[in-house]
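Visitor: Below you'll find data30.tsv; it's TSV, C-alpha atoms.
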```
chain	number	residue	atom	x	y	z
A	781	MET	CA	152.34	-98.67	232.48
A	782	GLY	CA	154.34	-95.49	232.41
A	783	THR	CA	157.31	-96.98	230.57
A	784	SER	CA	156.66	-95.66	227.06
A	785	ASN	CA	158.82	-92.93	225.56
A	786	PRO	CA	157.58	-90.24	223.13
A	787	PHE	CA	158.30	-90.90	219.46
A	788	ASN	CA	160.58	-88.21	218.06
A	789	GLY	CA	160.28	-88.98	214.37
A	790	GLY	CA	162.44	-90.65	211.76
A	791	ASN	CA	165.93	-91.94	212.45
A	792	ASN	CA	168.99	-91.11	210.37
A	793	ARG	CA	170.21	-94.69	210.84
A	794	ASN	CA	167.22	-96.14	209.02
A	795	PRO	CA	167.36	-96.75	205.25
A	796	LEU	CA	165.48	-94.40	202.95
A	797	VAL	CA	163.32	-97.30	201.76
A	798	PRO	CA	163.21	-100.40	204.01
A	799	ASP	CA	163.84	-103.69	202.22
A	800	TRP	CA	160.32	-104.92	203.04
A	801	VAL	CA	158.50	-102.10	201.21
A	802	GLY	CA	156.80	-103.44	198.09
A	803	GLY	CA	157.88	-106.98	198.78
A	804	ALA	CA	154.66	-108.38	200.20
A	805	GLY	CA	152.31	-110.58	198.29
A	806	PRO	CA	148.58	-109.99	197.87
A	807	GLY	CA	146.93	-108.86	201.07
A	808	ALA	CA	145.24	-111.42	203.26
A	809	ALA	CA	141.48	-111.47	203.42
A	810	PRO	CA	140.04	-109.79	206.52
A	811	PRO	CA	138.51	-111.95	209.27
A	812	GLY	CA	135.28	-113.60	208.16
A	813	ALA	CA	135.91	-113.02	204.43
A	814	PRO	CA	135.83	-116.00	202.04
A	815	PRO	CA	139.20	-116.95	200.56
A	816	PRO	CA	139.94	-115.90	196.96
A	817	GLY	CA	138.23	-118.18	194.48
A	818	ALA	CA	135.86	-119.62	197.07
A	819	ALA	CA	132.09	-119.40	196.99
A	820	GLY	CA	131.07	-115.94	198.04
A	821	ALA	CA	134.26	-114.35	196.75
A	822	PRO	CA	132.93	-112.65	193.58
A	823	GLY	CA	135.06	-113.20	190.54
A	824	GLY	CA	137.70	-114.96	192.58
A	825	GLY	CA	138.76	-111.51	193.75
A	826	ASN	CA	140.56	-110.61	196.95
A	827	PRO	CA	138.22	-108.93	199.44
A	828	GLY	CA	141.26	-108.01	201.49
A	829	ASN	CA	142.21	-105.62	198.75
A	830	GLY	CA	138.72	-104.22	198.39
A	831	ASN	CA	138.43	-105.02	194.70
A	832	PRO	CA	134.78	-105.29	193.64
A	833	GLY	CA	135.79	-106.32	190.15
A	834	GLY	CA	137.71	-109.46	190.95
A	835	ALA	CA	141.43	-109.84	190.53
A	836	ASN	CA	143.64	-106.82	190.92
A	837	PRO	CA	144.00	-105.00	187.58
A	838	GLY	CA	147.44	-105.56	186.18
A	839	GLY	CA	148.07	-108.37	188.64
A	840	GLY	CA	149.79	-108.36	191.98
A	841	ASN	CA	149.34	-106.28	195.07
A	842	PRO	CA	148.51	-102.58	194.62
A	843	GLY	CA	150.82	-101.83	197.51
A	844	ALA	CA	153.70	-103.39	195.62
A	845	ALA	CA	153.12	-101.47	192.42
A	846	PRO	CA	155.99	-99.10	191.63
A	847	ALA	CA	155.27	-95.42	191.52
A	848	ALA	CA	154.60	-93.81	188.18
A	849	GLY	CA	157.69	-93.48	186.10
A	850	GLY	CA	158.62	-97.14	186.15
A	851	ASN	CA	160.95	-97.04	189.12
A	852	GLY	CA	160.67	-100.33	190.92
A	853	GLY	CA	162.99	-99.00	193.60
A	854	ALA	CA	164.58	-102.36	194.35
A	855	ALA	CA	165.73	-102.59	197.92
A	856	GLY	CA	169.42	-102.03	198.46
A	857	GLU	CA	169.87	-99.80	195.42
A	858	GLY	CA	170.84	-96.37	196.70
A	859	ASP	CA	168.59	-96.52	199.76
A	860	ALA	CA	171.30	-96.61	202.44
A	861	PRO	CA	170.95	-94.38	205.51
A	862	ALA	CA	171.94	-90.74	204.95
A	863	PRO	CA	173.52	-88.78	207.83
A	864	ASN	CA	171.65	-85.74	209.16
A	865	ARG	CA	169.00	-86.05	206.48
A	866	PHE	CA	166.24	-84.84	208.83
A	867	GLN	CA	168.05	-81.80	210.24
A	868	SER	CA	167.08	-79.21	207.64
A	869	ALA	CA	163.43	-80.30	207.53
A	870	ARG	CA	163.10	-80.38	211.31
A	871	THR	CA	164.81	-77.02	211.73
A	872	ASN	CA	162.48	-75.30	209.27
A	873	PHE	CA	159.46	-77.07	210.74
A	874	PHE	CA	160.54	-75.93	214.21
A	875	LYS	CA	160.67	-72.33	212.96
A	876	PHE	CA	157.23	-72.73	211.37
A	877	ALA	CA	155.73	-74.05	214.61
A	878	LYS	CA	157.51	-71.44	216.72
A	879	SER	CA	156.20	-68.60	214.55
A	880	GLY	CA	152.61	-69.84	214.85
A	881	GLY	CA	152.33	-70.21	211.09
A	882	GLY	CA	150.96	-67.34	209.07
A	883	GLY	CA	151.82	-66.16	205.59
A	884	GLY	CA	155.41	-66.12	204.40
A	885	GLY	CA	155.11	-64.10	201.22
A	886	GLY	CA	156.70	-64.96	197.89
A	887	ARG	CA	155.74	-68.07	195.92
A	888	GLY	CA	153.03	-70.11	197.52
A	889	GLY	CA	150.86	-67.15	198.48
A	890	GLY	CA	149.97	-67.15	202.15
A	891	THR	CA	151.75	-70.39	203.00
A	892	ASN	CA	154.44	-69.98	205.61
A	893	ARG	CA	157.88	-69.99	203.97
A	894	ASN	CA	159.38	-72.21	206.66
A	895	LEU	CA	156.61	-74.76	206.15
A	896	ARG	CA	157.31	-74.86	202.41
A	897	ARG	CA	161.02	-75.27	203.06
A	898	ALA	CA	160.42	-77.98	205.65
A	899	VAL	CA	158.21	-79.96	203.28
A	900	ARG	CA	160.65	-79.54	200.39
A	901	SER	CA	163.54	-80.73	202.54
A	902	PHE	CA	161.49	-83.61	203.92
A	903	VAL	CA	160.81	-84.87	200.40
A	904	GLY	CA	164.19	-84.09	198.84
A	905	LYS	CA	166.61	-84.85	201.68
A	906	SER	CA	164.84	-86.80	204.41
A	907	SER	CA	163.04	-89.14	202.00
A	908	GLY	CA	165.57	-89.29	199.17
A	909	GLY	CA	163.42	-87.56	196.56
A	910	ALA	CA	159.83	-87.73	195.36
A	911	ARG	CA	160.04	-91.21	193.88
A	912	ARG	CA	161.45	-92.84	197.00
A	913	ALA	CA	159.00	-90.90	199.18
A	914	THR	CA	156.17	-92.23	197.03
A	915	GLN	CA	157.52	-95.77	197.11
A	916	ARG	CA	157.74	-95.58	200.90
A	917	MET	CA	153.96	-95.00	201.06
A	918	ALA	CA	153.12	-98.45	199.71
A	919	ALA	CA	150.45	-99.16	202.33
A	920	GLU	CA	148.73	-95.83	201.72
A	921	ARG	CA	148.79	-96.23	197.92
A	922	SER	CA	147.35	-99.73	198.16
A	923	ALA	CA	144.56	-98.56	200.48
A	924	THR	CA	143.74	-95.55	198.30
A	925	ALA	CA	143.46	-97.77	195.22
A	926	SER	CA	141.16	-100.14	197.13
A	927	LEU	CA	138.95	-97.22	198.15
A	928	GLY	CA	138.93	-95.99	194.55
A	929	ARG	CA	137.62	-99.36	193.34
A	930	ILE	CA	134.88	-99.40	195.94
A	931	LEU	CA	133.80	-95.83	195.19
A	932	SER	CA	133.86	-96.52	191.45
A	933	THR	CA	131.57	-99.52	191.83
A	934	ALA	CA	129.34	-97.80	194.40
A	935	GLY	CA	128.90	-94.89	192.01
A	936	THR	CA	126.90	-97.11	189.67
A	937	ALA	CA	125.67	-100.01	191.82
A	938	GLY	CA	125.33	-98.33	195.23
A	939	ILE	CA	127.34	-99.11	198.33
A	940	GLN	CA	124.95	-101.81	199.59
A	941	GLU	CA	125.30	-103.80	196.38
A	942	THR	CA	129.04	-103.16	196.36
A	943	VAL	CA	129.59	-104.74	199.78
A	944	ARG	CA	127.41	-107.69	198.76
A	945	ARG	CA	129.69	-108.24	195.75
A	946	LEU	CA	132.66	-108.07	198.10
A	947	GLY	CA	131.19	-110.91	200.14
A	948	PHE	CA	130.08	-108.78	203.10
A	949	ALA	CA	126.30	-108.96	202.75
A	950	GLN	CA	125.92	-108.43	206.50
A	951	LEU	CA	127.22	-104.88	206.10
A	952	ALA	CA	124.50	-103.97	203.58
A	953	THR	CA	121.94	-103.64	206.40
A	954	LEU	CA	123.94	-100.92	208.17
A	955	PRO	CA	123.57	-97.16	207.68
A	956	VAL	CA	125.78	-95.86	204.88
A	957	GLN	CA	128.29	-94.13	207.18
A	958	ASP	CA	128.64	-97.31	209.23
A	959	ILE	CA	129.26	-99.36	206.09
A	960	TYR	CA	132.21	-97.18	205.16
A	961	ALA	CA	133.51	-97.25	208.73
A	962	ALA	CA	133.36	-101.06	208.74
A	963	LEU	CA	135.23	-101.20	205.42
A	964	VAL	CA	138.41	-99.90	207.06
A	965	ASP	CA	139.55	-103.52	207.44
A	966	VAL	CA	138.85	-104.19	203.77
A	967	ILE	CA	140.40	-101.02	202.38
A	968	CYS	CA	143.45	-100.97	204.66
A	969	GLU	CA	145.51	-104.12	204.94
A	970	PRO	CA	145.47	-105.53	208.49
A	971	GLY	CA	148.63	-105.36	210.54
A	972	GLY	CA	150.21	-103.65	213.49
A	973	GLU	CA	153.04	-101.90	211.67
A	974	LEU	CA	153.31	-98.11	211.71
A	975	ASP	CA	152.77	-97.97	207.93
A	976	GLU	CA	149.42	-99.74	208.21
A	977	SER	CA	148.37	-97.37	211.00
A	978	PHE	CA	149.15	-94.38	208.75
A	979	ALA	CA	146.79	-95.76	206.08
A	980	ARG	CA	144.03	-96.50	208.58
A	981	GLU	CA	144.26	-93.07	210.19
A	982	ALA	CA	144.25	-91.35	206.78
A	983	TYR	CA	141.12	-93.28	205.79
A	984	ILE	CA	139.26	-92.56	209.04
A	985	LYS	CA	140.08	-88.84	208.78
A	986	ALA	CA	139.00	-88.72	205.14
A	987	LEU	CA	135.71	-90.47	205.96
A	988	ALA	CA	135.03	-87.96	208.74
A	989	GLU	CA	135.76	-85.05	206.40
A	990	ILE	CA	133.58	-86.30	203.56
A	991	SER	CA	130.78	-87.15	206.01
A	992	GLU	CA	130.96	-83.68	207.53
A	993	ALA	CA	130.51	-82.25	204.04
A	994	GLN	CA	127.28	-84.32	203.83
A	995	ALA	CA	128.32	-85.87	200.53
A	996	ASP	CA	126.17	-88.68	199.11
A	997	LEU	CA	128.17	-91.83	199.85
A	998	GLU	CA	125.37	-94.28	199.06
A	999	ARG	CA	125.95	-93.69	195.34
A	1000	PRO	CA	128.97	-91.34	195.22
A	1001	SER	CA	129.24	-88.98	192.28
A	1002	PRO	CA	132.54	-88.50	190.43
A	1003	GLU	CA	133.01	-85.25	192.35
A	1004	THR	CA	132.48	-87.02	195.69
A	1005	THR	CA	134.91	-89.77	194.65
A	1006	VAL	CA	137.60	-87.22	193.76
A	1007	SER	CA	137.07	-85.33	197.01
A	1008	PHE	CA	137.19	-88.52	199.13
A	1009	LEU	CA	140.37	-89.74	197.45
A	1010	ALA	CA	141.99	-86.30	197.69
A	1011	SER	CA	141.26	-86.21	201.43
A	1012	PHE	CA	142.73	-89.69	201.83
A	1013	ILE	CA	145.93	-88.80	199.94
A	1014	THR	CA	146.30	-85.49	201.76
A	1015	ASN	CA	145.96	-87.10	205.17
A	1016	ALA	CA	148.33	-89.90	204.21
A	1017	ILE	CA	151.06	-87.45	203.21
A	1018	GLN	CA	150.41	-85.28	206.26
A	1019	ASN	CA	150.70	-88.31	208.56
A	1020	ARG	CA	154.10	-89.14	207.08
A	1021	LEU	CA	155.29	-85.56	207.39
A	1022	LEU	CA	154.21	-85.05	210.98
A	1023	ASN	CA	155.48	-88.45	212.06
A	1024	ALA	CA	158.94	-87.80	210.63
A	1025	ILE	CA	159.59	-84.14	211.43
A	1026	GLY	CA	156.51	-82.64	213.10
A	1027	ASN	CA	156.67	-83.64	216.74
A	1028	LYS	CA	157.21	-80.00	217.75
A	1029	VAL	CA	153.85	-78.98	216.28
A	1030	VAL	CA	152.26	-80.12	219.54
A	1031	ALA	CA	155.07	-79.19	221.94
A	1032	ILE	CA	155.62	-75.56	220.92
A	1033	PRO	CA	152.17	-73.88	220.51
A	1034	ARG	CA	150.62	-72.34	223.60
A	1035	ASP	CA	147.22	-74.02	223.42
A	1036	VAL	CA	145.10	-76.55	221.57
A	1037	ALA	CA	143.66	-73.90	219.24
A	1038	ALA	CA	147.17	-72.96	218.10
A	1039	VAL	CA	147.99	-76.61	217.42
A	1040	GLN	CA	144.81	-77.00	215.37
A	1041	ASN	CA	145.65	-73.84	213.43
A	1042	LEU	CA	149.10	-75.13	212.52
A	1043	GLU	CA	147.76	-78.53	211.51
A	1044	GLN	CA	145.08	-76.89	209.35
A	1045	GLN	CA	147.74	-74.81	207.57
A	1046	ILE	CA	149.73	-77.98	206.87
A	1047	ASN	CA	146.63	-79.77	205.61
A	1048	ASP	CA	145.59	-76.86	203.38
A	1049	PHE	CA	149.08	-76.64	201.88
A	1050	ILE	CA	149.25	-80.37	201.10
A	1051	ARG	CA	145.64	-80.49	199.86
A	1052	GLY	CA	146.32	-77.70	197.39
A	1053	ASN	CA	149.17	-79.68	195.84
A	1054	VAL	CA	147.14	-82.90	195.82
A	1055	ASN	CA	144.27	-81.12	194.05
A	1056	ASP	CA	146.73	-79.81	191.45
A	1057	ALA	CA	148.15	-83.31	190.97
A	1058	MET	CA	144.67	-84.81	190.53
A	1059	THR	CA	143.80	-82.14	187.99
A	1060	GLU	CA	146.97	-82.93	186.04
A	1061	ALA	CA	146.28	-86.66	186.16
A	1062	GLY	CA	142.62	-86.27	185.18
A	1063	LYS	CA	139.56	-86.91	187.29
A	1064	ASP	CA	138.50	-90.22	185.75
A	1065	PHE	CA	139.18	-93.34	187.83
A	1066	PRO	CA	138.42	-96.39	185.66
A	1067	VAL	CA	138.78	-99.60	187.65
A	1068	ASP	CA	141.12	-101.23	185.14
A	1069	VAL	CA	143.81	-98.58	185.67
A	1070	ILE	CA	143.01	-97.46	189.21
A	1071	VAL	CA	146.34	-98.68	190.66
A	1072	SER	CA	148.51	-96.83	188.15
A	1073	THR	CA	146.29	-93.75	188.40
A	1074	ILE	CA	146.59	-93.59	192.19
A	1075	ASP	CA	150.35	-94.19	192.06
A	1076	ASP	CA	150.65	-91.39	189.50
A	1077	ILE	CA	148.66	-88.98	191.68
A	1078	TYR	CA	150.79	-89.76	194.74
A	1079	GLU	CA	154.00	-89.16	192.86
A	1080	ARG	CA	152.71	-86.01	191.17
A	1081	SER	CA	151.64	-84.68	194.58
A	1082	VAL	CA	155.02	-85.35	196.16
A	1083	VAL	CA	156.86	-83.88	193.16
A	1084	LEU	CA	154.83	-80.69	193.52
A	1085	LEU	CA	155.60	-80.55	197.24
A	1086	GLU	CA	159.31	-81.03	196.60
A	1087	GLY	CA	159.42	-78.28	193.99
A	1088	SER	CA	156.99	-75.86	195.60
A	1089	ASP	CA	159.58	-73.39	196.99
A	1090	GLN	CA	162.18	-71.88	194.69
A	1091	GLU	CA	163.06	-68.91	196.85
A	1092	GLY	CA	166.43	-70.08	198.06
A	1093	PRO	CA	168.14	-72.66	200.25
A	1094	ASP	CA	166.19	-74.85	202.62
A	1095	VAL	CA	167.48	-73.06	205.71
A	1096	GLY	CA	168.93	-69.66	206.51
A	1097	THR	CA	172.34	-68.95	207.93
A	1098	GLY	CA	173.57	-67.44	211.16
A	1099	ASP	CA	173.95	-68.29	214.81
A	1100	ASP	CA	170.23	-68.10	215.50
A	1101	LEU	CA	169.62	-70.98	213.09
A	1102	GLU	CA	172.29	-73.10	214.74
A	1103	VAL	CA	170.73	-72.46	218.15
A	1104	GLU	CA	167.25	-73.33	216.86
A	1105	ALA	CA	168.54	-76.44	215.13
A	1106	HIS	CA	170.23	-77.57	218.32
A	1107	GLU	CA	167.13	-76.84	220.39
A	1108	GLU	CA	164.86	-78.63	217.95
A	1109	ILE	CA	166.95	-81.75	217.53
A	1110	ALA	CA	167.91	-82.17	221.19
```
Do you think you could lay out the structure here as structure tokens?

Guide:
Amino acid sequence: MGTSNPFNGGNNRNPLVPDWVGGAGPGAAPPGAPPPGAAGAPGGGNPGNGNPGGANPGGGNPGAAPAAGGNGGAAGEGDAPAPNRFQSARTNFFKFAKSGGGGGGGRGGGTNRNLRRAVRSFVGKSSGGARRATQRMAAERSATASLGRILSTAGTAGIQETVRRLGFAQLATLPVQDIYAALVDVICEPGGELDESFAREAYIKALAEISEAQADLERPSPETTVSFLASFITNAIQNRLLNAIGNKVVAIPRDVAAVQNLEQQINDFIRGNVNDAMTEAGKDFPVDVIVSTIDDIYERSVVLLEGSDQEGPDVGTGDDLEVEAHEEIA
């Protein structure tokens, strides 16, 4: 009723990785779904985690799985708040938005240099490094793994049969696009937290993108599966970035077209690194290792983003930078 304040991004007082990340048990079944092990729950699986094959491979909740590299990232171990950890990233992002984007020369081709520096600083300083940044995206990783299982099964059995196996036979009568839209509550764990909203928004955006490309989602090919998952991961990372340091991307440009141009540049930059990470990890998504594969792709993507600019320090020097930093952070 007119009392809400704008959200200005991450807070230096917050820990790098909250103590609740990765600590939850298996996700609850969505409304109307049979409980695990009950009649109608195929294989005793958890429909809330979108696993057509039954129990989660490797056990446990995909969202709780540590990122590739074996770092469990136990809460309280080196994840204390860091002073001014957002300043460099926000300053460079402010300069990127103020310039209207455009090429920056050097490594990275046409990607704006300030954007590359902002992303690198966001990963390295604001988030505490690639591994902690990956760990922080537990909800997104869990949802991406759930989507991967569904796409893998649908690739051979079809999406109608897949939702029947999940215990949602009523969805099988819907058009294909509507089936995937309805699966948002299966793929993304329910909840009102900001992290869950990031996962849901990333999924909805990815579905819109893959639908616009007129890909066959009734029986998705391996190429369609890779593209869908890449869109999901890209949007998930972009959501985190814009939420933490990107509030000026809307405030600074002169019109809506300029905002859309900046957001497209950000998306293209992240998508390029995600595509590279998926190529490195391989394009096969077997259900029995889907969780570890998705975790590996997330961490590879974030590592590439952190190391994508080797041209110099994160920010320049001089009075103009101090003025911009003050203006941006105020």

Visitor: Can you pull out every residue within 12 Å of A:Gln994, counting only C-alpha atoms, but drop anything in the same chain fewer than 3 positions away, and send it as a list in words?

Guide: Val956, Gln957, Leu987, Ala988, Glu989, Ile990, Ser991, Leu997, Glu998, Pro1000, Thr1004, Ser1007 and Phe1008 of chain A

Visitor: Find the distance between atom CA of A:Glu920 and atom CA of A:Arg980 and write it in Å to one decimal.

Guide: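 Taking atom CA of A:Glu920 as the start and atom CA of A:Arg980 as the end point, the length is 8.3 Å.
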
Visitor: For each of A:Ser977, A:Thr936, A:Ser1081, A:Ser1001, take the minimum atom-to-atom distance to A:Ile1017, counting only C-alpha atoms, then give the residue where this is smallest.

Guide: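 Nearest candidate to A:Ile1017 out of A:Ser977, A:Thr936, A:Ser1081, A:Ser1001: A:Ser1081.
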
Visitor: To one decimal place in Å, what is the distance between atom CA of A:Ala1038 and atom CA of A:Gly880?

Guide: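 The value is 7.1 Å.
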
Visitor: Please measure the separation of atom CA of A:Phe874 and atom CA of A:Val1036, giving the value in Å to one decimal.

Guide: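 We find that atom CA of A:Phe874 and atom CA of A:Val1036 lie 17.1 Å from each other.
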
Visitor: Taking all atoms of stretch 934-941 of chain A that the file lists, what box with edges along x, y and z, padded by 8 Å per side, do you get, with centre and edge lengths in Å to one decimal, as AutoDock Vina command-line options?

Guide:
```
--center_x 127.1 --center_y -99.3 --center_z 194.6 --size_x 20.4 --size_y 24.9 --size_z 25.9
```

Visitor: Can you pull out every residue within 10 Å of A:Phe1049, counting only C-alpha atoms, but drop anything in the same chain fewer than 2 positions away, and send it as an MDAnalysis selection string?

Guide: chainID A and resid 888 890:892 895:896 899 1014 1018 1043:1047 1051:1054 1085

Visitor: Measuring between all atoms listed in the file, which one of A:Leu931, A:Ala923, A:Ala913, A:Ala877 shows the shortest distance to A:Pro1033?

Guide: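 So, comparing all the options, the nearest one is A:Ala877.
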
Visitor: Using all atoms listed in the file, find the one residue out of A:Thr942, A:Ser879, A:Asn1027, A:Ser901 that sits nearest to A:Arg865.

Guide: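 Nearest candidate to A:Arg865 out of A:Thr942, A:Ser879, A:Asn1027, A:Ser901: A:Ser901.
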